[in-house]
Amino acid sequence: MLGIMSIPVNRFAVRAAVIGVTTLTVGACARHAAGAAAPSGGQSVVIVSIDGFRADYLDTMDPPHLRALAAAGVRARWLQPAMPTLTFPNHYTIVTGLYPAHHGIVNNHIADPDGAWFHYNDSLEVRESRWWEGEPIWVTAERQGLRTGAFFWVGSEAAIEGVRPTFYKHYDERVPGAARVDTVLAWLARADTLRVRLALLYFSAVDHAAHDSGPGSPDARGAVMGVDSAIGRLVGGIAALGLADRVNVIVVSDHGMAPTNAQRVVVLDDYLDPSAFEVASISPFLALRPKNGNVPAALAALRRVPHLAVFPRDSTPERWHYRGNPRIADIVGVLDEGWVAGTREYFARRPPRAHGGEHGYDENAPSMRALFVAAGPAFRRGALAAPFGNVHLYDLVCAILGLTPAPNDGSLDSVRTLLR
């Protein structure tokens, strides 16, 4: 049991969401494995991502519904993100169990060796299956007979290996949180063969507010409380539908957030000619190629830049697991925590903020620590777990759903203690 029966819920809204299920957009039909039949009964999982929710927000901002969920289940001291600590690489690591160098989404912006570019905010490019390597959890589930639904998740709009979730949505950040939650509740409540056993749900507001105003700002706190209300609606709705003994709720984030300010700024023009590089990203995570191909000379120039550590593409720190993929730029770097860099032209268009926030820093920076909270019939109650890497979440969800996982970089043994 989730054990949070006292959370208020709009029961009319829940019933309306269930009744309105026939109006939902059904994704491209998934091709199940030959002979696979949809299992009956069993537990379900809802994975919720709160983009940019730093691990310590759970204590410093005291969101009541998330705190209640943690008390009813298990929380980790923090969830360790993968490098780079950016949105697209980490969301896809969470659902594949692969490090970014192994699943191909090595950055939010990617320059492929064949000359093609991937941009996370290109609504057409994200639907191209060629970018997405590895097997995300919804493909694993659909192939083994379970229905899945994704209300905004990185990769879910593409037909990866020819498979999409049974239900999926094209990203539109204007969709209210309540509508997102009620749609997921409707998926879970279906009484037909389309009942979803795995649902994914995404919220971006916390990340946006902390970027604009800083991770400790009133705006960031307001965003945390807004998403917390949506979590309460989800958990209360599950209970109202009589599904609390069958549905597990896992709430995670992709990375944390570091405070920045207008004094911790590096102007790159003072050290090199920015036009001499092909740039995928520059701050706080640097990924670029020298246009003349002279990597040693480019590295020498970049090593003059203060507060920046740079590496050749296949000599990055081993703990990053960030080598061996041709999509990784020739030169990779990361700024010191809290520092930002840019060109004069860039800062003329977007002056450094007096109070803001950034992510993309080293995975071991305390400010990059992410969130893990989970409750439901599969999880221990009232437990505080040691930190663990988000690369292990894929195996964890497969274990709960009774799925055979695809090859991946994670290990169920690393998270088995979370389970009853």
# chains A, B, ... in the order shown; residues from 1 in each chain; ligands from 1
$ select_by_dssp --residues "stretch 34-76 of chain A" --states "strand (DSSP E or B)" --output "JSON, numbers by chain"
{"A": [44, 45, 46, 47, 48, 49, 50, 74, 75, 76]}
$ closest_atom_pairs --of "stretch 182-260 of chain A" --to "stretch 276-300 of chain A" --cutoff "12 Å" --atoms "only C-alpha atoms" --output "tab-separated table"
residue	atom	partner	partner_atom	distance
A:Met257	CA	A:Pro284	CA	11.4
A:Ala258	CA	A:Pro284	CA	10.4
A:Thr260	CA	A:Pro284	CA	10.6
$ closest_residue --among "A:Pro136, A:Arg197, A:Thr343, A:Pro89" --to "A:Leu185" --atoms "only C-alpha atoms"
A:Arg197
$ residues_around --residues "stretch 316-318 of chain A" --least-positions-apart "4" --cutoff "12 Å" --atoms "only C-alpha atoms" --output "ChimeraX atom specification"
/A:83-84,101,287,309-312,322-324,328-334,362-364
$ write_last_selection --atoms "all heavy atoms" --output "short mmCIF file (atom, residue, chain, number, x, y, z; two decimals), in the first residue's frame"
data_model
loop_
_atom_site.label_atom_id
_atom_site.label_comp_id
_atom_site.auth_asym_id
_atom_site.auth_seq_id
_atom_site.Cartn_x
_atom_site.Cartn_y
_atom_site.Cartn_z
N MET A 83 27.18 11.53 -16.39
CA MET A 83 27.78 12.63 -17.13
C MET A 83 27.43 12.52 -18.61
O MET A 83 27.46 11.42 -19.17
CB MET A 83 29.29 12.63 -16.97
CG MET A 83 29.77 13.20 -15.67
SD MET A 83 29.37 14.96 -15.42
CE MET A 83 30.56 15.74 -16.53
N PRO A 84 27.08 13.66 -19.22
CA PRO A 84 26.98 14.99 -18.63
C PRO A 84 25.67 15.16 -17.88
O PRO A 84 24.67 14.53 -18.21
CB PRO A 84 27.03 15.91 -19.86
CG PRO A 84 26.43 15.11 -20.96
CD PRO A 84 26.85 13.68 -20.70
N ALA A 101 27.31 7.47 -23.21
CA ALA A 101 28.21 7.03 -24.28
C ALA A 101 27.74 5.73 -24.91
O ALA A 101 28.13 5.42 -26.04
CB ALA A 101 29.62 6.86 -23.73
N ALA A 287 31.60 20.89 -25.14
CA ALA A 287 31.77 19.85 -26.15
C ALA A 287 31.99 20.54 -27.49
O ALA A 287 31.08 21.18 -28.01
CB ALA A 287 30.55 18.94 -26.21
N ALA A 309 38.19 22.57 -16.83
CA ALA A 309 38.99 21.37 -17.02
C ALA A 309 38.61 20.76 -18.36
O ALA A 309 37.42 20.57 -18.64
CB ALA A 309 38.73 20.36 -15.91
N VAL A 310 39.60 20.49 -19.22
CA VAL A 310 39.32 19.97 -20.55
C VAL A 310 40.09 18.68 -20.80
O VAL A 310 41.16 18.45 -20.22
CB VAL A 310 39.66 21.00 -21.65
CG1 VAL A 310 38.70 22.18 -21.60
CG2 VAL A 310 41.10 21.46 -21.56
N PHE A 311 39.51 17.83 -21.67
CA PHE A 311 40.07 16.51 -21.94
C PHE A 311 39.89 16.17 -23.41
O PHE A 311 38.87 16.54 -24.01
CB PHE A 311 39.36 15.43 -21.10
CG PHE A 311 39.23 15.75 -19.65
CD1 PHE A 311 38.10 16.39 -19.16
CD2 PHE A 311 40.24 15.42 -18.76
CE1 PHE A 311 37.97 16.69 -17.82
CE2 PHE A 311 40.13 15.70 -17.41
CZ PHE A 311 38.99 16.34 -16.93
N PRO A 312 40.83 15.43 -24.00
CA PRO A 312 40.54 14.82 -25.30
C PRO A 312 39.38 13.84 -25.16
O PRO A 312 39.16 13.27 -24.08
CB PRO A 312 41.84 14.09 -25.65
CG PRO A 312 42.87 14.63 -24.72
CD PRO A 312 42.15 15.07 -23.49
N TYR A 322 32.42 8.06 -20.16
CA TYR A 322 32.08 8.94 -21.28
C TYR A 322 33.18 8.90 -22.33
O TYR A 322 33.89 9.88 -22.58
CB TYR A 322 31.88 10.38 -20.74
CG TYR A 322 31.15 11.30 -21.68
CD1 TYR A 322 29.79 11.13 -21.97
CD2 TYR A 322 31.80 12.39 -22.26
CE1 TYR A 322 29.12 11.99 -22.80
CE2 TYR A 322 31.14 13.27 -23.10
CZ TYR A 322 29.80 13.07 -23.37
OH TYR A 322 29.13 13.93 -24.21
N ARG A 323 33.33 7.73 -22.94
CA ARG A 323 34.33 7.53 -23.98
C ARG A 323 33.76 6.57 -25.03
O ARG A 323 32.80 5.85 -24.77
CB ARG A 323 35.62 6.92 -23.43
CG ARG A 323 36.32 7.71 -22.35
CD ARG A 323 37.55 6.95 -21.85
NE ARG A 323 38.22 7.63 -20.74
CZ ARG A 323 39.27 7.13 -20.09
NH1 ARG A 323 39.76 5.95 -20.45
NH2 ARG A 323 39.84 7.79 -19.09
N GLY A 324 34.39 6.56 -26.19
CA GLY A 324 34.15 5.49 -27.14
C GLY A 324 33.00 5.67 -28.10
O GLY A 324 32.77 4.79 -28.93
N ILE A 328 30.60 11.80 -29.31
CA ILE A 328 31.25 12.65 -28.31
C ILE A 328 32.24 13.57 -29.03
O ILE A 328 32.99 13.14 -29.91
CB ILE A 328 31.98 11.78 -27.27
CG1 ILE A 328 30.97 10.91 -26.51
CG2 ILE A 328 32.75 12.66 -26.29
CD1 ILE A 328 31.61 9.91 -25.57
N ALA A 329 32.21 14.83 -28.67
CA ALA A 329 33.05 15.82 -29.35
C ALA A 329 34.53 15.54 -29.12
O ALA A 329 34.92 14.87 -28.15
CB ALA A 329 32.70 17.22 -28.86
N ASP A 330 35.38 16.08 -30.00
CA ASP A 330 36.83 15.88 -29.90
C ASP A 330 37.37 16.35 -28.56
O ASP A 330 38.30 15.75 -28.01
CB ASP A 330 37.54 16.65 -31.01
CG ASP A 330 37.29 16.07 -32.39
OD1 ASP A 330 36.86 14.90 -32.47
OD2 ASP A 330 37.50 16.79 -33.38
N ILE A 331 36.81 17.45 -28.06
CA ILE A 331 37.25 18.03 -26.78
C ILE A 331 36.06 18.15 -25.85
O ILE A 331 35.00 18.66 -26.24
CB ILE A 331 37.91 19.41 -26.99
CG1 ILE A 331 39.16 19.25 -27.86
CG2 ILE A 331 38.26 20.06 -25.66
CD1 ILE A 331 39.80 20.57 -28.25
N VAL A 332 36.25 17.65 -24.64
CA VAL A 332 35.19 17.66 -23.63
C VAL A 332 35.72 18.41 -22.41
O VAL A 332 36.89 18.26 -22.03
CB VAL A 332 34.80 16.22 -23.24
CG1 VAL A 332 33.79 16.23 -22.10
CG2 VAL A 332 34.24 15.48 -24.45
N GLY A 333 34.87 19.22 -21.79
CA GLY A 333 35.31 19.95 -20.61
C GLY A 333 34.15 20.26 -19.68
O GLY A 333 32.98 20.10 -20.04
N VAL A 334 34.49 20.71 -18.48
CA VAL A 334 33.47 21.09 -17.52
C VAL A 334 34.02 22.25 -16.68
O VAL A 334 35.19 22.26 -16.30
CB VAL A 334 33.05 19.89 -16.64
CG1 VAL A 334 34.21 19.40 -15.78
CG2 VAL A 334 31.84 20.23 -15.79
N ASP A 362 30.28 18.69 -12.90
CA ASP A 362 30.73 17.33 -12.63
C ASP A 362 29.68 16.56 -11.82
O ASP A 362 29.03 17.10 -10.92
CB ASP A 362 32.06 17.37 -11.86
CG ASP A 362 32.67 15.99 -11.72
OD1 ASP A 362 32.33 15.29 -10.73
OD2 ASP A 362 33.45 15.61 -12.60
N GLU A 363 29.54 15.30 -12.14
CA GLU A 363 28.53 14.45 -11.51
C GLU A 363 28.69 14.36 -9.99
O GLU A 363 27.72 14.10 -9.27
CB GLU A 363 28.62 13.04 -12.09
CG GLU A 363 29.99 12.39 -11.87
CD GLU A 363 30.09 10.99 -12.45
OE1 GLU A 363 29.07 10.48 -12.94
OE2 GLU A 363 31.20 10.42 -12.38
N ASN A 364 29.91 14.57 -9.48
CA ASN A 364 30.16 14.47 -8.04
C ASN A 364 29.93 15.79 -7.30
O ASN A 364 30.07 15.83 -6.07
CB ASN A 364 31.57 13.98 -7.77
CG ASN A 364 31.72 12.47 -7.98
OD1 ASN A 364 30.72 11.75 -8.04
ND2 ASN A 364 32.94 12.00 -8.12
#
$ atom_distance --atom1 "atom CA of A:Arg353" --atom2 "atom CA of A:Pro306"
19.7 Å
$ residues_around --residues "A:Asn248" --least-positions-apart "2" --cutoff "10 Å" --atoms "only C-alpha atoms" --output "list in words"
Met1, Leu2, Gln43, Ser44, Val45, Val46, Ile47, Gly73, Leu198, Val235, Ile238, Leu243, Ala244, Asp245, Arg246, Ile250, Val251, Ala374, Ala375, Gly376, Pro377, Ala378, Phe379, Val397 and Ile400 of chain A
$ write_last_selection --atoms "N, CA, C and O atoms" --output "JSON list (two decimals), in the first residue's frame"
[["chain", "number", "residue", "atom", "x", "y", "z"],
["A", 1, "MET", "N", 0.84, -1.21, 0.00],
["A", 1, "MET", "CA", 0.00, 0.00, 0.00],
["A", 1, "MET", "C", 0.88, 1.25, 0.00],
["A", 1, "MET", "O", 1.90, 1.30, 0.65],
["A", 2, "LEU", "N", 0.42, 2.25, -0.74],
["A", 2, "LEU", "CA", 1.15, 3.50, -0.71],
["A", 2, "LEU", "C", 1.05, 4.17, 0.65],
["A", 2, "LEU", "O", 1.92, 4.92, 1.06],
["A", 43, "GLN", "N", 1.89, -6.17, -10.56],
["A", 43, "GLN", "CA", 2.05, -4.79, -10.13],
["A", 43, "GLN", "C", 2.29, -3.87, -11.32],
["A", 43, "GLN", "O", 2.71, -4.31, -12.39],
["A", 44, "SER", "N", 2.04, -2.60, -11.10],
["A", 44, "SER", "CA", 2.29, -1.56, -12.09],
["A", 44, "SER", "C", 3.28, -0.56, -11.52],
["A", 44, "SER", "O", 3.50, -0.51, -10.31],
["A", 45, "VAL", "N", 3.86, 0.25, -12.40],
["A", 45, "VAL", "CA", 4.84, 1.25, -12.01],
["A", 45, "VAL", "C", 4.53, 2.56, -12.71],
["A", 45, "VAL", "O", 4.26, 2.58, -13.91],
["A", 46, "VAL", "N", 4.58, 3.65, -11.95],
["A", 46, "VAL", "CA", 4.55, 5.00, -12.51],
["A", 46, "VAL", "C", 5.88, 5.65, -12.17],
["A", 46, "VAL", "O", 6.25, 5.75, -10.99],
["A", 47, "ILE", "N", 6.62, 6.07, -13.20],
["A", 47, "ILE", "CA", 7.88, 6.78, -12.99],
["A", 47, "ILE", "C", 7.62, 8.26, -13.27],
["A", 47, "ILE", "O", 7.18, 8.63, -14.36],
["A", 73, "GLY", "N", 7.46, 4.97, 1.99],
["A", 73, "GLY", "CA", 8.27, 4.06, 1.20],
["A", 73, "GLY", "C", 9.75, 4.21, 1.48],
["A", 73, "GLY", "O", 10.19, 4.08, 2.62],
["A", 198, "LEU", "N", 2.97, 0.25, -17.12],
["A", 198, "LEU", "CA", 4.11, 1.14, -16.90],
["A", 198, "LEU", "C", 3.75, 2.50, -17.48],
["A", 198, "LEU", "O", 3.45, 2.62, -18.67],
["A", 235, "VAL", "N", -0.95, 10.33, -6.27],
["A", 235, "VAL", "CA", -1.03, 9.32, -5.23],
["A", 235, "VAL", "C", -2.45, 9.20, -4.69],
["A", 235, "VAL", "O", -2.98, 8.10, -4.48],
["A", 238, "ILE", "N", -4.58, 7.36, -7.29],
["A", 238, "ILE", "CA", -4.34, 5.92, -7.28],
["A", 238, "ILE", "C", -5.13, 5.27, -6.14],
["A", 238, "ILE", "O", -5.77, 4.22, -6.32],
["A", 243, "LEU", "N", -6.28, 1.24, -6.37],
["A", 243, "LEU", "CA", -5.12, 0.62, -6.98],
["A", 243, "LEU", "C", -3.86, 0.72, -6.12],
["A", 243, "LEU", "O", -2.77, 0.38, -6.58],
["A", 244, "ALA", "N", -4.00, 1.20, -4.88],
["A", 244, "ALA", "CA", -2.81, 1.46, -4.07],
["A", 244, "ALA", "C", -2.02, 0.20, -3.74],
["A", 244, "ALA", "O", -0.82, 0.27, -3.48],
["A", 245, "ASP", "N", -2.67, -0.96, -3.77],
["A", 245, "ASP", "CA", -1.96, -2.20, -3.48],
["A", 245, "ASP", "C", -1.38, -2.84, -4.72],
["A", 245, "ASP", "O", -0.81, -3.93, -4.67],
["A", 246, "ARG", "N", -1.46, -2.14, -5.86],
["A", 246, "ARG", "CA", -0.96, -2.69, -7.12],
["A", 246, "ARG", "C", -0.01, -1.75, -7.85],
["A", 246, "ARG", "O", 0.71, -2.17, -8.75],
["A", 250, "ILE", "N", 7.43, 5.84, -8.44],
["A", 250, "ILE", "CA", 8.86, 6.16, -8.33],
["A", 250, "ILE", "C", 9.04, 7.59, -8.81],
["A", 250, "ILE", "O", 8.69, 7.92, -9.96],
["A", 251, "VAL", "N", 9.56, 8.46, -7.94],
["A", 251, "VAL", "CA", 9.78, 9.86, -8.30],
["A", 251, "VAL", "C", 11.28, 10.12, -8.33],
["A", 251, "VAL", "O", 11.98, 9.86, -7.35],
["A", 374, "ALA", "N", 10.38, 6.51, -3.60],
["A", 374, "ALA", "CA", 9.49, 5.50, -4.16],
["A", 374, "ALA", "C", 8.65, 4.86, -3.06],
["A", 374, "ALA", "O", 9.10, 4.71, -1.92],
["A", 375, "ALA", "N", 7.41, 4.52, -3.41],
["A", 375, "ALA", "CA", 6.53, 3.83, -2.48],
["A", 375, "ALA", "C", 5.57, 2.95, -3.25],
["A", 375, "ALA", "O", 5.26, 3.21, -4.42],
["A", 376, "GLY", "N", 5.09, 1.91, -2.60],
["A", 376, "GLY", "CA", 4.16, 0.99, -3.23],
["A", 376, "GLY", "C", 4.41, -0.41, -2.72],
["A", 376, "GLY", "O", 5.27, -0.65, -1.86],
["A", 377, "PRO", "N", 3.67, -1.38, -3.24],
["A", 377, "PRO", "CA", 3.75, -2.75, -2.70],
["A", 377, "PRO", "C", 5.11, -3.40, -2.87],
["A", 377, "PRO", "O", 5.43, -4.35, -2.14],
["A", 378, "ALA", "N", 5.93, -2.92, -3.80],
["A", 378, "ALA", "CA", 7.24, -3.54, -4.02],
["A", 378, "ALA", "C", 8.32, -3.02, -3.09],
["A", 378, "ALA", "O", 9.36, -3.66, -2.92],
["A", 379, "PHE", "N", 8.08, -1.85, -2.46],
["A", 379, "PHE", "CA", 9.15, -1.15, -1.77],
["A", 379, "PHE", "C", 9.08, -1.28, -0.25],
["A", 379, "PHE", "O", 7.99, -1.44, 0.32],
["A", 397, "VAL", "N", 13.08, -1.39, -12.26],
["A", 397, "VAL", "CA", 11.72, -1.41, -12.79],
["A", 397, "VAL", "C", 11.42, -2.74, -13.48],
["A", 397, "VAL", "O", 10.32, -3.30, -13.34],
["A", 400, "ILE", "N", 10.45, -5.26, -10.80],
["A", 400, "ILE", "CA", 9.10, -5.06, -10.26],
["A", 400, "ILE", "C", 8.04, -5.57, -11.23],
["A", 400, "ILE", "O", 7.05, -6.19, -10.83]]
$ select_by_dssp --residues "stretch 215-372 of chain A" --states "alpha helix (DSSP H)" --output "MDAnalysis selection string"
chainID A and resid 218:240 295:302 344:349
$ residues_around --residues "A:Tyr394" --least-positions-apart "4" --cutoff "7 Å" --atoms "only C-alpha atoms" --output "list in words"
Ile94, Val95, Thr96, Gly97, Ile137 and Cys398 of chain A
$ residues_around --residues "A:Leu384" --least-positions-apart "4" --cutoff "6 Å" --atoms "only C-alpha atoms" --output "MDAnalysis selection string"
chainID A and resid 74:76
$ write_last_selection --atoms "all heavy atoms" --output "tab-separated table (two decimals), in the first residue's frame"
chain	number	residue	atom	x	y	z
A	74	VAL	N	10.51	4.53	0.46
A	74	VAL	CA	11.96	4.61	0.58
A	74	VAL	C	12.47	5.82	-0.18
A	74	VAL	O	11.92	6.17	-1.24
A	74	VAL	CB	12.62	3.31	0.06
A	74	VAL	CG1	12.28	3.04	-1.39
A	74	VAL	CG2	14.13	3.34	0.25
A	75	ARG	N	13.46	6.47	0.38
A	75	ARG	CA	14.15	7.54	-0.33
A	75	ARG	C	15.64	7.24	-0.28
A	75	ARG	O	16.13	6.60	0.64
A	75	ARG	CB	13.88	8.91	0.30
A	75	ARG	CG	14.38	9.06	1.72
A	75	ARG	CD	14.18	10.45	2.31
A	75	ARG	NE	15.11	11.43	1.76
A	75	ARG	CZ	15.32	12.64	2.29
A	75	ARG	NH1	14.64	13.01	3.37
A	75	ARG	NH2	16.18	13.47	1.75
A	76	ALA	N	16.34	7.69	-1.30
A	76	ALA	CA	17.80	7.61	-1.28
A	76	ALA	C	18.35	8.94	-0.79
A	76	ALA	O	17.73	9.99	-0.98
A	76	ALA	CB	18.33	7.31	-2.68
$ residues_around --residues "A:Thr404" --least-positions-apart "5" --cutoff "10 Å" --atoms "only C-alpha atoms" --output "MDAnalysis selection string"
chainID A and resid 140:141 144 395 398:399
$ atom_distance --atom1 "atom CA of A:Gly237" --atom2 "atom CA of A:Asp182"
8.1 Å
$ closest_residue --among "A:Arg233, A:His211, A:Arg174, A:His359" --to "A:Thr87" --atoms "only C-alpha atoms"
A:His359
$ closest_residue --among "A:Leu241, A:Ala178, A:Leu79, A:Ala341" --to "A:Ala191" --atoms "only C-alpha atoms"
A:Leu241
$ closest_residue --among "A:Leu418, A:Ala116, A:Leu200, A:Ala70" --to "A:Ser156" --atoms "only C-alpha atoms"
A:Leu200
$ atom_distance --atom1 "atom CA of A:Leu403" --atom2 "atom CA of A:Asn390"
18.5 Å
$ closest_atom_pairs --of "stretch 60-131 of chain A" --to "stretch 212-223 of chain A" --cutoff "12 Å" --atoms "only C-alpha atoms" --output "JSON lines"
{"residue": "A:Thr60", "atom": "CA", "partner": "A:Gly216", "partner_atom": "CA", "distance": 9.0}
{"residue": "A:Met61", "atom": "CA", "partner": "A:Arg221", "partner_atom": "CA", "distance": 6.6}
{"residue": "A:Asp62", "atom": "CA", "partner": "A:Arg221", "partner_atom": "CA", "distance": 9.5}
{"residue": "A:Pro63", "atom": "CA", "partner": "A:Arg221", "partner_atom": "CA", "distance": 9.0}
$ write_last_selection --atoms "C-alpha atoms" --output "PDB file, in the first residue's frame"
ATOM      1  CA  THR A  60      15.035  22.434   2.611  1.00  0.00           C
ATOM      2  CA  MET A  61      11.706  23.095   0.875  1.00  0.00           C
ATOM      3  CA  ASP A  62       9.696  20.414   2.724  1.00  0.00           C
ATOM      4  CA  PRO A  63       7.188  19.501  -0.032  1.00  0.00           C
TER       5      PRO A  63
END
$ closest_residue --among "A:Leu396, A:Arg147, A:Val126, A:Phe118" --to "A:Arg190" --atoms "only C-alpha atoms"
A:Arg147
